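K.L.:
Structure provided below as structure tokens; questions to follow.
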Amino acid sequence: MKTELFKTDSPLLGVVHLTKAGELIARGETVVFPTETVYGLGANALDESAVKKIFEAKGRPADNPLIVHIADRDDLEKLVTEVPEKAEKLMDAFWPGPLTLIMHKSSGVPEVVTAGLDTVAVRFPSNLIALGLIKSAGVPIAAPSANISGRPSPTKSEHVIEDMMGRVSAIIVSEDTDVGLESTVVDTTTEPPTVLRPGGVTVAELEAVIGRVQVSPNAIENVIPEKAKSPGMKYTHYSPKGDLVIVKGTDAEKVEKINRHIKKHEEMQIGILATDETMGNYHSGIIISLGSRENPEEMSHNLFARLRTFDDLGIEKIYAEDIEVGNDTLALANRLYKAGGYHFI
Ligand code: TXA
Ligand code: MG
């Protein structure tokens, strides 16, 4: 398939390209576009055969449902049967932005989008290009992250070009995404509402608006809910090509363990994922910092790009320092642990 690249660096070109990209979506084709979280791989959410193209391009299992993106709260009407009061409050507080809400689906949403569930995930992104694309297409856009299934989500246009060239009709080339991790997914059909995936909006921020929420144990532990509530949970995620191991302990213990393992694997290309504060502790291997421990947003912004950097350098084994889990680092730890397949030393 020929993939058109749409660059949005001049305002005039931006408008022309958004019009063309919107036409492609309206015609049932796929377009990769930036959001404030990660790049998305979009198609008309109301067109079954268009949505199937998303699953094909990503190599995504058909039982993992998609998020529907809207550019206006009025668009909700045709997607859901009712809006719970707490969902309404969350929308007032966090839309547009990195929050996805699960509600009961209306019959207008094709089953391919929701993988047969009776609920649908809806998000109103804040990225202006994403909003412009949805408006220009005139339909809600179903979009998962625009990576090949299993790989780290794309936060730079280079990443989507690497993964999606030849697999989609067009790619909108734009700036690096801001948040760097995907949206927070909240199921508002449960009482209290359930955080299925931690993300750009933190649990404390949600609770400040609607009171207590429950957090799926899967947010931090390797548990698969029995009746997979968020079916995406059971698949391998975000993995770099090298074997990623998470190193626990005090800083001194981490250094000792990593140095010992590097010695053991002298024939291998080893990478170390550290922080600004700790990167000086290591003296061999390719040492890359996630950012400052004082700045969890910076670390979140960088995680997926750093994992891909290790891939580009041909690193075979990556030792990542464990993250101290707290409100601001829950999403970061969730992604790192999944990327490493919960392999701790
Ligand atoms: O930030 C984001 O959310 C990005 C950008 C592109 O918007 N999108 C994204 O989509 O991360 P994706 O497909 O990679 O992740 C969607 C997650 C999956 O874990 C999926 O299982 C869950 O949302 N999900 C979707 N619909 C659901 C539903 N009806 N019930 C429970 N979980 C659902
Ligand atoms: Mg994804």
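Residues are referred to by chain and number: the chain letter is A, B, ... according to the order shown in the structure tokens, the number counts from 1 in that chain, and ligands are numbered separately from 1 in the order shown.
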Hey, what's within 6 Å of Thr30 of chain A if we count only C-alpha atoms and toss same-chain stuff fewer than 2 positions away? As a ChimeraX atom specification, please?

P.N.:
/A:42-43,168-169

K.L.:
Write a file of the just-selected residues containing N, CA, C and O atoms, as a PDB file, in the first residue's frame.

P.N.:
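Generated file (result.pdb):
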ATOM      1  N   GLY A  42      -5.949   5.762  12.940  1.00  0.00           N
ATOM      2  CA  GLY A  42      -7.383   6.017  12.908  1.00  0.00           C
ATOM      3  C   GLY A  42      -8.124   5.533  11.678  1.00  0.00           C
ATOM      4  O   GLY A  42      -7.556   5.426  10.589  1.00  0.00           O
ATOM      5  N   ALA A  43      -9.418   5.254  11.889  1.00  0.00           N
ATOM      6  CA  ALA A  43     -10.345   4.979  10.792  1.00  0.00           C
ATOM      7  C   ALA A  43     -11.747   5.361  11.275  1.00  0.00           C
ATOM      8  O   ALA A  43     -11.960   5.522  12.482  1.00  0.00           O
ATOM      9  N   VAL A 168      -0.661   1.860   5.973  1.00  0.00           N
ATOM     10  CA  VAL A 168      -1.801   2.772   6.132  1.00  0.00           C
ATOM     11  C   VAL A 168      -1.851   3.709   4.933  1.00  0.00           C
ATOM     12  O   VAL A 168      -0.881   3.816   4.184  1.00  0.00           O
ATOM     13  N   SER A 169      -2.991   4.404   4.741  1.00  0.00           N
ATOM     14  CA  SER A 169      -3.113   5.296   3.586  1.00  0.00           C
ATOM     15  C   SER A 169      -2.314   6.579   3.769  1.00  0.00           C
ATOM     16  O   SER A 169      -1.784   7.125   2.808  1.00  0.00           O
TER      17      SER A 169
END

K.L.:
Please return as a short mmCIF file (atom, residue, chain, number, x, y, z; two decimals) with N, CA and C atoms, in the first residue's frame the residues found within 7 Å of ligand 2, counting only C-alpha atoms and all ligand atoms.

P.N.:
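File written: part.cif
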data_model
loop_
_atom_site.label_atom_id
_atom_site.label_comp_id
_atom_site.auth_asym_id
_atom_site.auth_seq_id
_atom_site.Cartn_x
_atom_site.Cartn_y
_atom_site.Cartn_z
N PRO A 144 -6.37 2.94 17.93
CA PRO A 144 -5.42 2.44 18.93
C PRO A 144 -4.10 3.19 18.74
N SER A 145 -3.12 2.94 19.60
CA SER A 145 -1.80 3.49 19.39
C SER A 145 -1.24 2.97 18.06
N SER A 153 4.58 2.11 22.18
CA SER A 153 3.71 3.05 21.48
C SER A 153 4.55 4.20 20.91
#

K.L.:
Check segment 187-322 of chain A with DSSP on the backbone and list each residue it calls alpha helix (DSSP H), as a PyMOL selection string.

P.N.:
chain A and resi 203-210+251-264+296-312

K.L.:
Export, as a CSV table (one decimal), in the first residue's frame, the selected residues with C-alpha atoms.

P.N.:
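Final file, again_21.csv:
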chain,number,residue,atom,x,y,z
A,203,VAL,CA,-5.9,8.5,40.3
A,204,ALA,CA,-5.6,11.4,42.8
A,205,GLU,CA,-6.8,13.8,40.1
A,206,LEU,CA,-9.8,11.6,39.3
A,207,GLU,CA,-10.7,11.2,43.1
A,208,ALA,CA,-10.5,15.0,43.6
A,209,VAL,CA,-13.5,15.2,41.2
A,210,ILE,CA,-15.7,12.1,41.8
A,251,ASP,CA,20.4,2.3,44.5
A,252,ALA,CA,23.5,0.5,45.7
A,253,GLU,CA,21.9,-2.9,45.3
A,254,LYS,CA,20.8,-2.0,41.8
A,255,VAL,CA,24.3,-1.0,40.8
A,256,GLU,CA,25.7,-4.1,42.3
A,257,LYS,CA,23.2,-6.4,40.5
A,258,ILE,CA,23.5,-4.7,37.2
A,259,ASN,CA,27.4,-4.7,37.2
A,260,ARG,CA,27.3,-8.4,38.2
A,261,HIS,CA,25.0,-9.3,35.3
A,262,ILE,CA,27.0,-7.2,32.8
A,263,LYS,CA,30.1,-9.3,33.7
A,264,LYS,CA,28.1,-12.5,33.2
A,296,PRO,CA,7.9,11.9,36.7
A,297,GLU,CA,6.2,13.7,33.8
A,298,GLU,CA,9.6,13.9,32.0
A,299,MET,CA,10.2,10.3,32.7
A,300,SER,CA,6.8,9.3,31.3
A,301,HIS,CA,7.3,11.5,28.3
A,302,ASN,CA,10.6,9.7,27.5
A,303,LEU,CA,9.9,6.0,28.3
A,304,PHE,CA,8.7,4.6,24.9
A,305,ALA,CA,11.2,6.7,22.9
A,306,ARG,CA,14.1,5.4,25.1
A,307,LEU,CA,13.0,1.8,24.6
A,308,ARG,CA,13.1,2.3,20.9
A,309,THR,CA,16.5,3.9,21.1
A,310,PHE,CA,17.8,0.7,22.7
A,311,ASP,CA,16.3,-1.1,19.7
A,312,ASP,CA,18.0,1.3,17.2

K.L.:
Could you check which of A:Asp9, A:Asp328, A:Glu182, A:Glu277 is closest to ligand 1, using only C-alpha atoms and all ligand atoms?

P.N.:
A:Glu182

K.L.:
State, in Å with one decimal place, the distance from atom CA of Pro240 of chain A to atom CA of Leu41 of chain A.

P.N.:
19.8 Å

K.L.:
Do you know which residues are at most 8 Å from segment 49-64 of chain A counting only C-alpha atoms, after dropping those on the same chain fewer than 6 positions away, and could you put them as a list in words?

P.N.:
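Counting only C-alpha atoms, the residues come to Gly28, Glu29, Thr30, Leu41, Gly42, Ala43, Val112, Val113, Thr114, Ala115, Gly116, Ala142, Ala143, Ala146, Asn147, Ile148, Ser149, Met164, Arg167, Val168, Ser230, Pro231 and Gly232 of chain A.
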
K.L.:
Take the selection from the previous step and output its residues with C-alpha atoms, as an mmCIF file, in the first residue's frame.

P.N.:
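Done, and the output landed in result32.cif:
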data_model
loop_
_atom_site.group_PDB
_atom_site.id
_atom_site.type_symbol
_atom_site.label_atom_id
_atom_site.label_comp_id
_atom_site.auth_asym_id
_atom_site.auth_seq_id
_atom_site.Cartn_x
_atom_site.Cartn_y
_atom_site.Cartn_z
ATOM 1 C CA GLY A 28 -12.975 4.304 4.763
ATOM 2 C CA GLU A 29 -9.161 4.549 4.712
ATOM 3 C CA THR A 30 -6.635 4.604 7.594
ATOM 4 C CA LEU A 41 -3.940 4.786 13.913
ATOM 5 C CA GLY A 42 -7.383 6.017 12.908
ATOM 6 C CA ALA A 43 -10.345 4.979 10.792
ATOM 7 C CA VAL A 112 -15.561 -4.801 15.606
ATOM 8 C CA VAL A 113 -14.803 -1.580 17.493
ATOM 9 C CA THR A 114 -15.760 -2.962 20.906
ATOM 10 C CA ALA A 115 -14.720 -6.578 20.235
ATOM 11 C CA GLY A 116 -18.260 -7.675 21.006
ATOM 12 C CA ALA A 142 -11.530 4.682 16.212
ATOM 13 C CA ALA A 143 -7.815 4.613 16.991
ATOM 14 C CA ALA A 146 -0.086 3.497 15.977
ATOM 15 C CA ASN A 147 2.565 0.863 16.725
ATOM 16 C CA ILE A 148 2.822 -2.664 15.405
ATOM 17 C CA SER A 149 1.067 -4.736 18.077
ATOM 18 C CA MET A 164 3.362 1.970 9.618
ATOM 19 C CA ARG A 167 0.462 -0.319 6.036
ATOM 20 C CA VAL A 168 -1.801 2.772 6.132
ATOM 21 C CA SER A 230 -10.029 -4.634 29.581
ATOM 22 C CA PRO A 231 -9.148 -7.330 27.086
ATOM 23 C CA GLY A 232 -5.928 -5.576 26.047
#

K.L.:
Calculated over only C-alpha atoms and all ligand atoms, which of the candidates A:Val247, A:Val120, A:Ala45, A:Val201 has the smallest distance to ligand 1?

P.N.:
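Among A:Val247, A:Val120, A:Ala45, A:Val201, it is A:Val120 that comes nearest to ligand 1.
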
K.L.:
Give one line per residue of segment 124-221 of chain A that approaches segment 11-26 of chain A to at most 12 Å, naming the two atoms of the closest pair and their distance in Å to one decimal, counting only C-alpha atoms; sort by chain then ascending residue number and deliver it as JSON lines.

P.N.:
{"residue": "A:Leu128", "atom": "CA", "partner": "A:Gly14", "partner_atom": "CA", "distance": 10.7}
{"residue": "A:Ile129", "atom": "CA", "partner": "A:Leu18", "partner_atom": "CA", "distance": 7.7}
{"residue": "A:Ala130", "atom": "CA", "partner": "A:Leu18", "partner_atom": "CA", "distance": 9.3}
{"residue": "A:Leu131", "atom": "CA", "partner": "A:Leu18", "partner_atom": "CA", "distance": 9.9}
{"residue": "A:Gly132", "atom": "CA", "partner": "A:Leu18", "partner_atom": "CA", "distance": 6.6}
{"residue": "A:Leu133", "atom": "CA", "partner": "A:Gly22", "partner_atom": "CA", "distance": 5.5}
{"residue": "A:Ile134", "atom": "CA", "partner": "A:Gly22", "partner_atom": "CA", "distance": 7.0}
{"residue": "A:Lys135", "atom": "CA", "partner": "A:Gly22", "partner_atom": "CA", "distance": 7.7}
{"residue": "A:Ser136", "atom": "CA", "partner": "A:Gly22", "partner_atom": "CA", "distance": 4.8}
{"residue": "A:Ala137", "atom": "CA", "partner": "A:Gly22", "partner_atom": "CA", "distance": 3.9}
{"residue": "A:Gly138", "atom": "CA", "partner": "A:Ala26", "partner_atom": "CA", "distance": 7.2}
{"residue": "A:Val139", "atom": "CA", "partner": "A:Ala26", "partner_atom": "CA", "distance": 7.2}
{"residue": "A:Pro140", "atom": "CA", "partner": "A:Ile25", "partner_atom": "CA", "distance": 9.7}
{"residue": "A:Ile141", "atom": "CA", "partner": "A:Ile25", "partner_atom": "CA", "distance": 8.1}
{"residue": "A:Ala142", "atom": "CA", "partner": "A:Ile25", "partner_atom": "CA", "distance": 10.3}
{"residue": "A:Ala143", "atom": "CA", "partner": "A:Ile25", "partner_atom": "CA", "distance": 11.5}
{"residue": "A:Val168", "atom": "CA", "partner": "A:Leu24", "partner_atom": "CA", "distance": 10.6}
{"residue": "A:Ser169", "atom": "CA", "partner": "A:Leu24", "partner_atom": "CA", "distance": 7.6}
{"residue": "A:Ala170", "atom": "CA", "partner": "A:Ala21", "partner_atom": "CA", "distance": 7.1}
{"residue": "A:Ile171", "atom": "CA", "partner": "A:Ala21", "partner_atom": "CA", "distance": 8.6}
{"residue": "A:Ile172", "atom": "CA", "partner": "A:Ala21", "partner_atom": "CA", "distance": 8.0}
{"residue": "A:Val173", "atom": "CA", "partner": "A:Gly14", "partner_atom": "CA", "distance": 10.1}
{"residue": "A:Ser174", "atom": "CA", "partner": "A:Gly14", "partner_atom": "CA", "distance": 9.8}

K.L.:
Quick one: write out the picked residues with N, CA, C and O atoms as a tab-separated table (two decimals), in the first residue's frame?

P.N.:
chain	number	residue	atom	x	y	z
A	128	LEU	N	-4.57	19.60	18.76
A	128	LEU	CA	-5.34	20.36	17.76
A	128	LEU	C	-5.39	19.66	16.41
A	128	LEU	O	-6.38	19.76	15.69
A	129	ILE	N	-4.34	18.93	16.07
A	129	ILE	CA	-4.36	18.21	14.78
A	129	ILE	C	-5.34	17.05	14.85
A	129	ILE	O	-6.12	16.80	13.93
A	130	ALA	N	-5.35	16.35	16.00
A	130	ALA	CA	-6.33	15.27	16.17
A	130	ALA	C	-7.75	15.84	16.05
A	130	ALA	O	-8.60	15.28	15.34
A	131	LEU	N	-8.00	16.96	16.72
A	131	LEU	CA	-9.35	17.55	16.67
A	131	LEU	C	-9.69	18.00	15.25
A	131	LEU	O	-10.81	17.78	14.77
A	132	GLY	N	-8.70	18.60	14.57
A	132	GLY	CA	-8.92	19.06	13.21
A	132	GLY	C	-9.25	17.89	12.28
A	132	GLY	O	-10.12	17.98	11.42
A	133	LEU	N	-8.57	16.77	12.49
A	133	LEU	CA	-8.81	15.59	11.65
A	133	LEU	C	-10.23	15.03	11.88
A	133	LEU	O	-10.95	14.72	10.92
A	134	ILE	N	-10.62	14.92	13.14
A	134	ILE	CA	-11.96	14.37	13.44
A	134	ILE	C	-13.04	15.28	12.83
A	134	ILE	O	-13.98	14.81	12.19
A	135	LYS	N	-12.83	16.59	12.98
A	135	LYS	CA	-13.82	17.55	12.42
A	135	LYS	C	-13.85	17.46	10.91
A	135	LYS	O	-14.92	17.46	10.30
A	136	SER	N	-12.67	17.39	10.30
A	136	SER	CA	-12.62	17.35	8.85
A	136	SER	C	-13.21	16.04	8.31
A	136	SER	O	-13.86	16.03	7.26
A	137	ALA	N	-13.03	14.95	9.04
A	137	ALA	CA	-13.60	13.66	8.61
A	137	ALA	C	-15.11	13.66	8.79
A	137	ALA	O	-15.84	13.00	8.06
A	138	GLY	N	-15.60	14.38	9.81
A	138	GLY	CA	-17.04	14.45	10.06
A	138	GLY	C	-17.60	13.19	10.71
A	138	GLY	O	-18.82	13.00	10.77
A	139	VAL	N	-16.72	12.32	11.20
A	139	VAL	CA	-17.16	11.08	11.88
A	139	VAL	C	-16.25	10.85	13.08
A	139	VAL	O	-15.11	11.33	13.10
A	140	PRO	N	-16.73	10.10	14.10
A	140	PRO	CA	-15.82	9.72	15.18
A	140	PRO	C	-14.74	8.78	14.65
A	140	PRO	O	-14.99	8.01	13.71
A	141	ILE	N	-13.55	8.86	15.23
A	141	ILE	CA	-12.42	8.08	14.71
A	141	ILE	C	-11.98	7.04	15.75
A	141	ILE	O	-11.60	7.38	16.86
A	142	ALA	N	-12.05	5.76	15.36
A	142	ALA	CA	-11.53	4.68	16.21
A	142	ALA	C	-10.02	4.66	16.03
A	142	ALA	O	-9.54	4.70	14.89
A	143	ALA	N	-9.28	4.62	17.13
A	143	ALA	CA	-7.82	4.61	16.99
A	143	ALA	C	-7.12	3.99	18.18
A	143	ALA	O	-7.25	4.46	19.30
A	168	VAL	N	-0.66	1.86	5.97
A	168	VAL	CA	-1.80	2.77	6.13
A	168	VAL	C	-1.85	3.71	4.93
A	168	VAL	O	-0.88	3.82	4.18
A	169	SER	N	-2.99	4.40	4.74
A	169	SER	CA	-3.11	5.30	3.59
A	169	SER	C	-2.31	6.58	3.77
A	169	SER	O	-1.78	7.12	2.81
A	170	ALA	N	-2.25	7.08	5.01
A	170	ALA	CA	-1.51	8.33	5.23
A	170	ALA	C	-1.01	8.42	6.66
A	170	ALA	O	-1.58	7.82	7.57
A	171	ILE	N	0.07	9.20	6.80
A	171	ILE	CA	0.61	9.50	8.13
A	171	ILE	C	0.71	11.01	8.25
A	171	ILE	O	1.31	11.66	7.38
A	172	ILE	N	0.11	11.58	9.29
A	172	ILE	CA	0.29	13.02	9.54
A	172	ILE	C	1.54	13.17	10.40
A	172	ILE	O	1.61	12.68	11.53
A	173	VAL	N	2.55	13.82	9.81
A	173	VAL	CA	3.84	13.98	10.49
A	173	VAL	C	3.76	15.24	11.34
A	173	VAL	O	3.51	16.32	10.82
A	174	SER	N	3.96	15.08	12.64
A	174	SER	CA	3.85	16.24	13.52
A	174	SER	C	4.91	16.17	14.60
A	174	SER	O	5.86	15.39	14.51

K.L.:
I'd like to know which of A:Lys86, A:Leu181, A:His265, A:Leu330 is closest to Ser216 of chain A, using only C-alpha atoms.

P.N.:
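Closest candidate: A:Leu330.
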
K.L.:
Please provide the set of residues having any atom within 10 Å of Phe344 of chain A, restricted to only C-alpha atoms, with same-chain residues fewer than 2 positions apart removed, written as a PyMOL selection string.

P.N.:
chain A and resi 244-248+319-322+337+340-342

K.L.:
Enumerate the residues of segment 124-194 of chain A with a DSSP assignment of strand (DSSP E), computed from the backbone, and present them as number ranges by chain.

P.N.:
A: 141-142, 170-173, 184-187, 194

K.L.:
Would you please work out which residue, of A:Pro34, A:Pro154, A:Gly211, A:Gly180, is nearest to Thr194 of chain A when using only C-alpha atoms?

P.N.:
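So, comparing all the options, the nearest one is A:Gly211.
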